[in-house]
Amino acid sequence: MRFSQLFEGGPTPPDKPTAPPMSSAAAVPPARAVPVSAQPSPPTPTAAPIVPSAPFQQAAEMLYLEALGTVRQLVQLASAGQPVSSLPLPELVQKIIAQLDHSNALLYVTGRSTDDNYLIGHIVNVTILSLTTARSLHYDAAKLRGLGICALLYDLGMAKLLSIAATPHKLSGEAFKEIKQHTQYSVELLRSWGIAWEGVTEVAQQHHERADGSGYPAGLKAGSIHEWAQLIGLIDVYESLTHPRAHRQQPTPAAHVIAALLSSRDLFEAKYLRALLDQISLYPVGTWVQLSSGEYGQVSEVTPGMPMRPVVSVQFDHQHRRLPVPRHVNLREQMSLLVEKVLDAEATAKLVGGLAHG
Amino acid sequence: MAKASVAPVILIVDDDAAFAASVAQLLEAQRYEVVLAGDGAQAIAAVKEAKPDLILMDINMPQLDGEMALLKLKGQPELRSIPIIMLTGVEDLLDGHLTATLGACEYLTKPFDPPELLAKIAAHVSQT
């Protein structure tokens, strides 16, 4: 597949409906009408609310914290080499799937990192973003649940590696050699915990394999790599590059990372790259942008097949004055408007007074 | 066009010009040919011209950081075989993890031990 085919005008129909329901279970508040514009804009054929309503935001925050708590526990147990008594992971994954099914609110919080231990936030973000990306792969409920469980468990070998490094989190030449052992640490840990969910061992072992055989530890090629390992491996790289780290307070904009991933020929299968582009897009939900009109807003929804034309909740005019009511602008319909630029964290904080998500 | 010199070419990618110059001096004394780039974007532009045998890559750089440059270089099949050694002040194990994932072959932190750097380069580049 050519790079250009992955953008507008490519094989994905631009009018494909967004975010098909992932589950009938709904452990989240019901959708409610959200005020949009004082000046009416064309209707948008989407089911999700334009901006997450307060109950959705609150439910997403609570669920995100619950996921962080669960993963923190797993990381601590993995670091200490202790056994687990029970793992309520299917229930947690089901809640995440249900939340994503009904609102984009959870995506607003995945821009965050846990700066006391990046691994914890990384695993939670990879789980949420993998489940989001899988919308385009048309997985049934059982496959989605399996994917989510694997994502929560795939990188716990890094916790062990961090715990045995001479100085935790510090890297030396010798520690670098050890890094490639972490997939084996994950497998041994999962076996010692008696975990037998479908795919967990394969995903832990194979998430650094690459479609062309250039990955590790076994140099497997696409046909031999578990499909969830391919998807999670892609999201693992995407999340790592787009999130803050100790040395990188201004992470690389998603658009740059996705463009680089799309042009990294042969490393990832095209169907996973396409799914990433369709569901995360060049301007992920929660990204603050300036439109070509000069106005500022936050991406509230992406448009599969049209990664440069998200739905934007416009909240500031071109002179940085806050609008009385956010105005919903669907760039798929308002073709004369474009995303002019992405605001970095500093510019966003300046614009919204430090209140922005992510 | 064929290379004018038989000396192996090392591309040093670092925005700290003084540091890059000191590494260059070390390598040139060992009869390596050295090319310099000030950030990841310059490195990608330089690779096609210089055809390096090995790249030394910093992480924290303006324009395009070392991790993004690594992704872009290893994403090109014709460039994928060039060994890339990270030479950086970043000491976090998770960054080592990411660079290993992206295809770096070694990771050295600043300040580095010159014999160790030369040994790691020699392990990937043969001098005839």
# chains A, B, ... in the order shown; residues from 1 in each chain; ligands from 1
>>> interface_residues(of="chain A", to="chain B", cutoff="10 Å", atoms="only C-alpha atoms", output="ChimeraX atom specification")
/A:117-119,158,161-162,165,167-180,182,207-210,212,214-216,233,236-237,240-241,245-248,251-252,256-257,259-268
>>> write_last_selection(atoms="C-alpha atoms", output="JSON list (two decimals), in the first residue's frame")
[["chain", "number", "residue", "atom", "x", "y", "z"],
["A", 117, "ASN", "CA", 6.72, 5.65, 36.93],
["A", 118, "TYR", "CA", 6.08, 6.12, 33.22],
["A", 119, "LEU", "CA", 5.49, 2.41, 32.75],
["A", 158, "MET", "CA", 9.87, -4.09, 32.13],
["A", 161, "LEU", "CA", 13.90, -5.06, 34.57],
["A", 162, "LEU", "CA", 13.45, -1.71, 36.31],
["A", 165, "ALA", "CA", 18.71, -2.43, 37.28],
["A", 167, "THR", "CA", 20.06, 2.06, 39.89],
["A", 168, "PRO", "CA", 16.35, 1.89, 39.16],
["A", 169, "HIS", "CA", 15.40, 3.56, 35.90],
["A", 170, "LYS", "CA", 19.01, 4.37, 35.05],
["A", 171, "LEU", "CA", 20.66, 3.03, 31.97],
["A", 172, "SER", "CA", 24.17, 1.79, 31.44],
["A", 173, "GLY", "CA", 25.73, -0.10, 28.56],
["A", 174, "GLU", "CA", 25.13, -3.41, 30.34],
["A", 175, "ALA", "CA", 21.53, -2.58, 31.23],
["A", 176, "PHE", "CA", 20.85, -1.93, 27.54],
["A", 177, "LYS", "CA", 21.83, -5.51, 26.76],
["A", 178, "GLU", "CA", 19.37, -6.67, 29.38],
["A", 179, "ILE", "CA", 16.50, -4.72, 27.84],
["A", 180, "LYS", "CA", 15.84, -7.26, 25.14],
["A", 182, "HIS", "CA", 12.30, -8.13, 29.20],
["A", 207, "HIS", "CA", 5.24, -7.23, 20.79],
["A", 208, "HIS", "CA", 8.69, -6.10, 19.62],
["A", 209, "GLU", "CA", 8.66, -8.34, 16.56],
["A", 210, "ARG", "CA", 8.25, -6.41, 13.31],
["A", 212, "ASP", "CA", 9.63, -7.50, 8.06],
["A", 214, "SER", "CA", 13.70, -6.90, 11.91],
["A", 215, "GLY", "CA", 12.31, -7.02, 15.45],
["A", 216, "TYR", "CA", 13.23, -9.07, 18.49],
["A", 233, "GLY", "CA", 3.54, -3.25, 19.36],
["A", 236, "ASP", "CA", 3.51, 0.87, 22.19],
["A", 237, "VAL", "CA", 5.78, 2.85, 19.85],
["A", 240, "SER", "CA", 6.05, 6.23, 23.79],
["A", 241, "LEU", "CA", 6.85, 8.91, 21.22],
["A", 245, "ARG", "CA", 9.04, 11.62, 29.56],
["A", 246, "ALA", "CA", 11.61, 12.91, 32.02],
["A", 247, "HIS", "CA", 13.74, 14.32, 29.20],
["A", 248, "ARG", "CA", 10.89, 15.20, 26.88],
["A", 251, "PRO", "CA", 6.36, 15.34, 23.22],
["A", 252, "THR", "CA", 6.37, 15.03, 19.47],
["A", 256, "HIS", "CA", 4.55, 13.78, 13.08],
["A", 257, "VAL", "CA", 4.75, 10.39, 14.79],
["A", 259, "ALA", "CA", 3.43, 10.26, 9.50],
["A", 260, "ALA", "CA", 6.78, 8.66, 10.42],
["A", 261, "LEU", "CA", 5.09, 5.37, 11.28],
["A", 262, "LEU", "CA", 3.18, 5.40, 7.99],
["A", 263, "SER", "CA", 6.37, 5.95, 6.06],
["A", 264, "SER", "CA", 8.22, 3.25, 8.03],
["A", 265, "ARG", "CA", 7.61, 0.75, 5.31],
["A", 266, "ASP", "CA", 7.50, -2.93, 6.21],
["A", 267, "LEU", "CA", 7.83, -2.53, 9.98],
["A", 268, "PHE", "CA", 4.08, -2.74, 10.60]]
>>> select_by_dssp(residues="range 128-307 of chain A", states="strand (DSSP E or B)", output="number ranges by chain")
A: 170, 212, 221, 245, 248, 288-291, 296-301
>>> write_last_selection(atoms="N, CA and C atoms", output="compact mmCIF listing (two decimals), in the first residue's frame")
# COMPACT_ATOMS: atom_id res chain seq x y z
N LYS A 170 17.83 3.80 35.69
CA LYS A 170 19.01 4.37 35.05
C LYS A 170 19.61 3.35 34.08
N ASP A 212 8.59 -7.13 9.03
CA ASP A 212 9.63 -7.50 8.06
C ASP A 212 10.68 -8.42 8.65
N LYS A 221 8.35 -12.86 11.24
CA LYS A 221 7.74 -12.01 10.22
C LYS A 221 6.23 -11.95 10.43
N ARG A 245 8.12 12.43 28.78
CA ARG A 245 9.04 11.62 29.56
C ARG A 245 9.92 12.60 30.34
N ARG A 248 11.67 14.69 28.00
CA ARG A 248 10.89 15.20 26.88
C ARG A 248 9.55 15.74 27.39
N TRP A 288 -5.28 20.29 21.19
CA TRP A 288 -5.66 21.69 20.97
C TRP A 288 -5.06 22.16 19.65
N VAL A 289 -5.89 22.79 18.84
CA VAL A 289 -5.45 23.22 17.52
C VAL A 289 -5.91 24.66 17.24
N GLN A 290 -5.23 25.27 16.29
CA GLN A 290 -5.72 26.53 15.74
C GLN A 290 -6.22 26.26 14.33
N LEU A 291 -7.41 26.75 14.04
CA LEU A 291 -7.98 26.56 12.70
C LEU A 291 -7.53 27.68 11.77
N TYR A 296 -9.42 28.92 18.04
CA TYR A 296 -8.75 27.82 18.74
C TYR A 296 -9.78 26.85 19.31
N GLY A 297 -9.47 25.58 19.27
CA GLY A 297 -10.39 24.61 19.84
C GLY A 297 -9.69 23.29 20.11
N GLN A 298 -10.50 22.37 20.64
CA GLN A 298 -9.97 21.06 21.04
C GLN A 298 -10.66 19.99 20.19
N VAL A 299 -9.86 19.08 19.66
CA VAL A 299 -10.44 18.00 18.85
C VAL A 299 -11.32 17.14 19.76
N SER A 300 -12.58 16.97 19.35
CA SER A 300 -13.51 16.19 20.17
C SER A 300 -13.85 14.86 19.53
N GLU A 301 -13.54 14.73 18.26
CA GLU A 301 -13.89 13.50 17.57
C GLU A 301 -13.05 13.42 16.30
>>> atom_distance(atom1="CA of Gln250 in chain A", atom2="CA of Ala345 in chain A")
6.7 Å
>>> residues_around(residues="Pro310 in chain A", least_positions_apart="6", cutoff="12 Å", atoms="only C-alpha atoms", output="MDAnalysis selection string")
chainID A and resid 14 18 44 50 277:289 291 297:304 328:335 337:339
>>> atom_distance(atom1="CA of Glu78 in chain B", atom2="CA of Leu11 in chain B")
16.5 Å
>>> select_by_dssp(residues="range 7-91 of chain B", states="alpha helix (DSSP H)", output="VMD selection string")
chain B and resid 17 to 29 40 to 50 66 to 74
>>> write_last_selection(atoms="C-alpha atoms", output="short mmCIF file (atom, residue, chain, number, x, y, z; two decimals), in the first residue's frame")
data_model
loop_
_atom_site.label_atom_id
_atom_site.label_comp_id
_atom_site.auth_asym_id
_atom_site.auth_seq_id
_atom_site.Cartn_x
_atom_site.Cartn_y
_atom_site.Cartn_z
CA ALA B 17 28.80 21.32 18.69
CA ALA B 18 31.66 21.22 21.19
CA PHE B 19 30.81 17.68 22.27
CA ALA B 20 30.44 16.56 18.65
CA ALA B 21 33.82 18.12 17.80
CA SER B 22 35.52 16.27 20.66
CA VAL B 23 34.03 12.94 19.52
CA ALA B 24 35.03 13.74 15.95
CA GLN B 25 38.60 14.36 17.04
CA LEU B 26 38.67 11.00 18.82
CA LEU B 27 37.31 9.16 15.79
CA GLU B 28 39.50 10.92 13.23
CA ALA B 29 42.54 9.93 15.29
CA GLY B 40 17.68 14.52 13.52
CA ALA B 41 16.43 16.39 10.48
CA GLN B 42 19.96 17.27 9.41
CA ALA B 43 20.98 13.67 10.01
CA ILE B 44 18.30 12.32 7.68
CA ALA B 45 19.37 14.80 5.01
CA ALA B 46 23.04 13.92 5.54
CA VAL B 47 22.63 10.15 5.43
CA LYS B 48 21.77 10.00 1.75
CA GLU B 49 24.83 12.07 0.81
CA ALA B 50 27.37 10.74 3.31
CA GLY B 66 17.04 11.24 18.25
CA GLU B 67 14.17 8.82 18.85
CA MET B 68 12.11 10.21 15.98
CA ALA B 69 15.20 10.26 13.75
CA LEU B 70 15.80 6.63 14.68
CA LEU B 71 12.24 5.72 13.69
CA LYS B 72 12.58 7.54 10.38
CA LEU B 73 15.96 6.03 9.52
CA LYS B 74 15.05 2.47 10.50
#
>>> atom_distance(atom1="CA of Arg322 in chain A", atom2="CA of Gln99 in chain A")
29.2 Å
>>> residues_around(residues="range 106-111 of chain A", least_positions_apart="6", cutoff="9 Å", atoms="only C-alpha atoms", output="ChimeraX atom specification")
/A:56-57,59-61,63-64,96,99-100,121,124-126,128-129,132,239,242-244,284-287,300,357-358
>>> residues_around(residues="Asp155 in chain A", least_positions_apart="3", cutoff="8 Å", atoms="only C-alpha atoms", output="PDB file with N, CA and C atoms, in the first residue's frame")
ATOM      1  N   ILE A 123       1.226   1.705  30.088  1.00  0.00           N
ATOM      2  CA  ILE A 123       0.434   0.481  29.891  1.00  0.00           C
ATOM      3  C   ILE A 123      -1.055   0.813  29.802  1.00  0.00           C
ATOM      4  N   ALA A 151      -3.143  -6.276  26.566  1.00  0.00           N
ATOM      5  CA  ALA A 151      -2.498  -4.959  26.647  1.00  0.00           C
ATOM      6  C   ALA A 151      -2.160  -4.603  28.094  1.00  0.00           C
ATOM      7  N   LEU A 152      -2.991  -5.006  29.021  1.00  0.00           N
ATOM      8  CA  LEU A 152      -2.702  -4.710  30.429  1.00  0.00           C
ATOM      9  C   LEU A 152      -1.511  -5.515  30.956  1.00  0.00           C
ATOM     10  N   MET A 158       9.115  -5.333  31.931  1.00  0.00           N
ATOM     11  CA  MET A 158       9.869  -4.090  32.132  1.00  0.00           C
ATOM     12  C   MET A 158       9.899  -3.715  33.607  1.00  0.00           C
ATOM     13  N   ALA A 159       8.832  -4.063  34.339  1.00  0.00           N
ATOM     14  CA  ALA A 159       8.804  -3.768  35.776  1.00  0.00           C
ATOM     15  C   ALA A 159       9.914  -4.545  36.480  1.00  0.00           C
ATOM     16  N   HIS A 182      13.515  -8.401  28.432  1.00  0.00           N
ATOM     17  CA  HIS A 182      12.298  -8.133  29.203  1.00  0.00           C
ATOM     18  C   HIS A 182      11.077  -8.888  28.665  1.00  0.00           C
ATOM     19  N   THR A 183      11.093  -9.239  27.384  1.00  0.00           N
ATOM     20  CA  THR A 183       9.954 -10.008  26.872  1.00  0.00           C
ATOM     21  C   THR A 183       9.932 -11.391  27.526  1.00  0.00           C
ATOM     22  N   SER A 186       8.658 -11.124  31.014  1.00  0.00           N
ATOM     23  CA  SER A 186       7.179 -11.031  31.019  1.00  0.00           C
ATOM     24  C   SER A 186       6.571 -12.425  30.932  1.00  0.00           C
ATOM     25  N   ALA A 204       3.122 -10.914  25.021  1.00  0.00           N
ATOM     26  CA  ALA A 204       4.268 -10.500  25.847  1.00  0.00           C
ATOM     27  C   ALA A 204       5.578 -10.820  25.135  1.00  0.00           C
TER      28      ALA A 204
END
>>> decode(residues="range 23-65 of chain B", atoms="N, CA and C atoms", output="short mmCIF file (atom, residue, chain, number, x, y, z; two decimals), in the first residue's frame")
data_model
loop_
_atom_site.label_atom_id
_atom_site.label_comp_id
_atom_site.auth_asym_id
_atom_site.auth_seq_id
_atom_site.Cartn_x
_atom_site.Cartn_y
_atom_site.Cartn_z
N VAL B 23 34.20 14.34 19.97
CA VAL B 23 34.03 12.94 19.52
C VAL B 23 34.66 12.78 18.13
N ALA B 24 34.47 13.79 17.30
CA ALA B 24 35.03 13.74 15.95
C ALA B 24 36.55 13.62 16.00
N GLN B 25 37.14 14.39 16.89
CA GLN B 25 38.60 14.36 17.04
C GLN B 25 39.07 12.95 17.44
N LEU B 26 38.34 12.36 18.37
CA LEU B 26 38.67 11.00 18.82
C LEU B 26 38.59 10.01 17.65
N LEU B 27 37.54 10.13 16.88
CA LEU B 27 37.31 9.16 15.79
C LEU B 27 38.30 9.37 14.64
N GLU B 28 38.56 10.64 14.34
CA GLU B 28 39.50 10.92 13.23
C GLU B 28 40.90 10.41 13.57
N ALA B 29 41.24 10.46 14.87
CA ALA B 29 42.54 9.93 15.29
C ALA B 29 42.63 8.42 15.08
N GLN B 30 41.48 7.80 15.00
CA GLN B 30 41.41 6.35 14.73
C GLN B 30 41.16 6.07 13.25
N ARG B 31 41.31 7.09 12.45
CA ARG B 31 41.18 7.00 10.99
C ARG B 31 39.77 6.68 10.52
N TYR B 32 38.83 7.23 11.23
CA TYR B 32 37.46 7.22 10.71
C TYR B 32 37.22 8.56 10.02
N GLU B 33 36.38 8.55 9.02
CA GLU B 33 35.94 9.80 8.41
C GLU B 33 34.67 10.22 9.14
N VAL B 34 34.59 11.49 9.50
CA VAL B 34 33.47 11.95 10.33
C VAL B 34 32.63 12.98 9.58
N VAL B 35 31.31 12.82 9.71
CA VAL B 35 30.36 13.81 9.20
C VAL B 35 29.51 14.24 10.38
N LEU B 36 29.17 15.54 10.47
CA LEU B 36 28.42 16.05 11.61
C LEU B 36 27.02 16.50 11.18
N ALA B 37 26.06 16.29 12.07
CA ALA B 37 24.70 16.81 11.87
C ALA B 37 24.21 17.34 13.21
N GLY B 38 23.50 18.48 13.19
CA GLY B 38 23.12 19.15 14.43
C GLY B 38 21.80 18.70 15.02
N ASP B 39 21.03 17.93 14.29
CA ASP B 39 19.78 17.38 14.82
C ASP B 39 19.29 16.25 13.92
N GLY B 40 18.16 15.67 14.27
CA GLY B 40 17.68 14.52 13.52
C GLY B 40 17.35 14.84 12.08
N ALA B 41 16.80 16.02 11.85
CA ALA B 41 16.43 16.39 10.48
C ALA B 41 17.67 16.52 9.61
N GLN B 42 18.71 17.16 10.16
CA GLN B 42 19.96 17.27 9.41
C GLN B 42 20.57 15.89 9.16
N ALA B 43 20.41 15.02 10.15
CA ALA B 43 20.98 13.67 10.01
C ALA B 43 20.32 12.93 8.84
N ILE B 44 19.00 13.03 8.75
CA ILE B 44 18.30 12.32 7.68
C ILE B 44 18.72 12.87 6.32
N ALA B 45 18.91 14.19 6.27
CA ALA B 45 19.37 14.80 5.01
C ALA B 45 20.80 14.35 4.70
N ALA B 46 21.62 14.24 5.75
CA ALA B 46 23.04 13.92 5.54
C ALA B 46 23.27 12.47 5.16
N VAL B 47 22.40 11.59 5.63
CA VAL B 47 22.63 10.15 5.43
C VAL B 47 22.71 9.78 3.96
N LYS B 48 21.82 10.39 3.17
CA LYS B 48 21.77 10.00 1.75
C LYS B 48 23.05 10.42 1.03
N GLU B 49 23.61 11.56 1.44
CA GLU B 49 24.83 12.07 0.81
C GLU B 49 26.07 11.35 1.34
N ALA B 50 26.14 11.23 2.67
CA ALA B 50 27.37 10.74 3.31
C ALA B 50 27.47 9.22 3.31
N LYS B 51 26.34 8.53 3.19
CA LYS B 51 26.32 7.07 3.25
C LYS B 51 27.18 6.53 4.40
N PRO B 52 26.83 6.89 5.62
CA PRO B 52 27.69 6.49 6.75
C PRO B 52 27.67 4.99 6.97
N ASP B 53 28.75 4.51 7.56
CA ASP B 53 28.83 3.10 7.95
C ASP B 53 28.24 2.90 9.34
N LEU B 54 28.13 3.99 10.10
CA LEU B 54 27.57 3.91 11.45
C LEU B 54 27.13 5.32 11.87
N ILE B 55 26.14 5.39 12.73
CA ILE B 55 25.64 6.69 13.21
C ILE B 55 25.72 6.72 14.74
N LEU B 56 26.24 7.82 15.27
CA LEU B 56 26.17 8.09 16.72
C LEU B 56 25.06 9.12 16.91
N MET B 57 24.06 8.79 17.72
CA MET B 57 22.85 9.63 17.78
C MET B 57 22.55 10.08 19.20
N ASP B 58 22.46 11.39 19.38
CA ASP B 58 21.97 11.96 20.64
C ASP B 58 20.44 11.82 20.67
N ILE B 59 19.83 12.04 21.84
CA ILE B 59 18.36 11.99 21.89
C ILE B 59 17.76 13.40 21.94
N ASN B 60 18.18 14.17 22.93
CA ASN B 60 17.60 15.52 23.08
C ASN B 60 18.19 16.48 22.06
N MET B 61 17.40 16.79 21.04
CA MET B 61 17.87 17.72 20.02
C MET B 61 16.69 18.53 19.50
N PRO B 62 16.95 19.75 19.00
CA PRO B 62 15.86 20.54 18.45
C PRO B 62 15.39 19.96 17.10
N GLN B 63 14.31 20.48 16.61
CA GLN B 63 13.72 20.08 15.32
C GLN B 63 13.21 18.64 15.35
N LEU B 64 14.15 17.71 15.32
CA LEU B 64 13.75 16.30 15.31
C LEU B 64 14.66 15.58 16.31
N ASP B 65 14.05 14.98 17.35
CA ASP B 65 14.91 14.37 18.36
C ASP B 65 15.45 13.02 17.87
#
